[in-house]
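These notes are about the structure you will find just below.
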Protein chains: 4
Amino acid sequence: MKKPATLDLNDVMQRINFNHLLGIRFVRSHKDGVTIECPVRPELLNIAKVLHGGVAATIADVAVGFACWNHFQGSRRHTTAEMKINYLAPVASGKIVARARLVRIGRHLVVGEVDLRDGQRNRVGIAIVTYMLLD
Amino acid sequence: MKKPATLDLNDVMQRINFNHLLGIRFVRSHKDGVTIECPVRPELLNIAKVLHGGVAATIADVAVGFACWNHFQGSRRHTTAEMKINYLAPVASGKIVARARLVRIGRHLVVGEVDLRDGQRNRVGIAIVTYMLLD
Amino acid sequence: MKKPATLDLNDVMQRINFNHLLGIRFVRSHKDGVTIECPVRPELLNIAKVLHGGVAATIADVAVGFACWNHFQGSRRHTTAEMKINYLAPVASGKIVARARLVRIGRHLVVGEVDLRDGQRNRVGIAIVTYMLLD
Amino acid sequence: MKKPATLDLNDVMQRINFNHLLGIRFVRSHKDGVTIECPVRPELLNIAKVLHGGVAATIADVAVGFACWNHFQGSRRHTTAEMKINYLAPVASGKIVARARLVRIGRHLVVGEVDLRDGQRNRVGIAIVTYMLLD
């Protein structure tokens with residue numbers, strides 16, 4: 001019997017050291033992407049005591065990577081080619097949630113857009129991430 | 001007697017939780033920016049066992065933040081408005097080094113470009129980061 | 001009697017030389033942004049005989065500028081701080097349509113996301129554009 | 001006898017309609033890229049009577065495209081995958097000059113950075129552009 005995709009993705013998340021260090025969790029897969037999240041904790045803050053921009057950049061990158069993984073069911077290796085993020089509001093507590101949607105799945109490149117929100121569903125960032133599929 | 005800037009920046013780096021979690025170290029200040037670095041260790045890797053893209057994005061963001069700090073000698077608060085990074089090559093071991101140069105210091109915005117290299121001085125990424133100065 | 005916003009924006013579009021050179025037209029305003037479009041014609045093509053990337057970049061920039069204009073009803077001057085565009089598919093004929101949505105309206109910065117489509121409603125690009133409000 | 005590369009690139013520039021419409025000129029090739037320029041004229045201005053952001057975005061895109069062309073001596077077709085530009089200062093008169101440097105030449109992707117200056121050599125923008133090589 002085929003194991004459900006959700007279990008696989010949780011499993012994959014745990015095997016990626018840096019995602020584990022940050023505490024990123026897989027939430028659910030969608031037809032066009034995935035949702036993942038990361039609880040805010042003291043280790044992830046910057047000097048202003050809000051979530052470090054690097055955490056938001058990381059979760060955006062990871063969200064599109066997992067959307068790729070989900071799309072190809074793990075059959076294709078991929079690597080981030082480039083990413084761009086705009087910060088819209090600080091996140092002081094709760095969690096950051098990333099919803100990635102794949103907008104182009106080409107032969108070599110996959111492009112995803114990411115909507116970042118805090119625990120109250122306020123938009124805190126937007127990102128575009130390009131992954132390159134490896135042969 | 002005035003404390004040298006280098007000591008201040010090392011001190012600032014240690015007080016930023018996420019930078020401390022990653023192990024980012026201040027290296028030196030330049031006329032037009034700063035150099036910082038982060039040793040590669042297992043916790044910072046992705047599933048392919050190379051440095052996670054989120055670490056490179058974080059160090060690029062931090063490098064321009066420290067270049068701002070250095071320029072204003074800590075007198076202005078700032079926050080990342082947006083960033084963009086292109087990954088040029090994987091980093092498997094050693095360290096990642098970020099050299100940030102400020103290319104525009106405006107009334108509200110500071111723009112920096114970042115050259116990312118591995119321990120052998122190979123280019124591994126380029127980034128552009130915009131900080132907003134807070135009043 | 002107050003002149004409707006749509007008329008003003010058409011009028012503004014005609015007064016911007018480069019938009020006029022390209023043939024960009026205002027289509028409509030929305031609660032959260034605007035839609036504008038540009039018919040494809042021979043002068044706007046590249047060597048592969050598809051719409052030049054510079055035209056798509058221009059219309060994305062203009063769309064967020066007009067969304068700003070619409071939001072502030074022309075009362076604030078603004079200038080593009082930065083933009084990022086990903087090309088998803090070529091446009092060979094018909095028109096390119098840009099739908100801009102403002103996702104952050106701050107004191108100094110306005111951030112918009114742009115959905116670019118061809119005449120058949122296929123997605124051909126996505127962009128994020130930041131405008132700086134001038135005092 | 002082999003025709004010099006410079007002549008070919010001038011010839012290519014003239015055959016690209018949109019570059020011709022803008023008045024973009026090839027200046028010279030370098031070991032790692034090219035320099036191109038575009039004289040400022042009334043048709044290229046925005047409502048503030050400075051060079052339209054779309055012109056700067058276009059010349060950045062074109063500069064990396066010509067750097068690709070120069071590198072492969074026209075033997076590979078390519079298309080822009082994505083670009084990002086930061087505007088540093090307005091250009092009111094004279095010309096805009098784009099110096100592109102290729103920083104990664106991969107099997108499928110070419111990444112270039114672009115330094116944009118006005119006629120007085122002041123920095124007016126920086127850009128990163130990714131081209132995809134077509135098979």
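How things are named: the first chain in the structure tokens is A, the next is B, and so on; residues count from 1 in each chain; ligands count from 1 in the order shown.
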
Run DSSP on the backbone and grab whatever in chain C lands in alpha helix (DSSP H); send it over as a PyMOL selection string. chain C and resi 5-15+17-22+53-72

Set out as JSON lines a contact list for stretch 69-115 of chain C and stretch 16-29 of chain C with a cut-off of 10 Å, giving each residue of stretch 69-115 of chain C that qualifies its closest atom pair and distance in Å to one decimal, counting only C-alpha atoms, ordered by chain and rising residue number.
{"residue": "C:Asn70", "atom": "CA", "partner": "C:Ser29", "partner_atom": "CA", "distance": 7.4}
{"residue": "C:His71", "atom": "CA", "partner": "C:Ser29", "partner_atom": "CA", "distance": 9.5}
{"residue": "C:Lys95", "atom": "CA", "partner": "C:Ile24", "partner_atom": "CA", "distance": 10.0}
{"residue": "C:Ile96", "atom": "CA", "partner": "C:Ile24", "partner_atom": "CA", "distance": 9.4}
{"residue": "C:Val97", "atom": "CA", "partner": "C:Val27", "partner_atom": "CA", "distance": 9.0}
{"residue": "C:Ala98", "atom": "CA", "partner": "C:Val27", "partner_atom": "CA", "distance": 9.5}
{"residue": "C:Arg99", "atom": "CA", "partner": "C:Arg28", "partner_atom": "CA", "distance": 9.5}
{"residue": "C:Ala100", "atom": "CA", "partner": "C:Ser29", "partner_atom": "CA", "distance": 9.5}

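The space between atom CA of B:Gly74 and atom CA of B:Leu133 spans 11.6 Å.
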
Within 12 Å of stretch 51-54 of chain D: each stretch 111-131 of chain C residue with its shortest pair, only C-alpha atoms, as JSON lines:
{"residue": "C:Val129", "atom": "CA", "partner": "D:Gly53", "partner_atom": "CA", "distance": 11.1}
{"residue": "C:Thr130", "atom": "CA", "partner": "D:Gly53", "partner_atom": "CA", "distance": 11.8}
{"residue": "C:Tyr131", "atom": "CA", "partner": "D:Gly53", "partner_atom": "CA", "distance": 11.0}

Output the contact residues of chain A with respect to chain B at a cut-off of 6 Å, based on only C-alpha atoms, as a PyMOL selection string. chain A and resi 16-18+43-47+54+58+81-87

Name the residues of chain B that come out as strand (DSSP E or B) in a backbone DSSP run; write them as number ranges by chain. B: 25-30, 33-39, 45, 51, 78-87, 95-105, 109-118, 123-133

Restricting to only C-alpha atoms, whichever of B:Val50, B:Glu37, B:His30, B:Leu134 is closest to B:Leu116 is B:Glu37
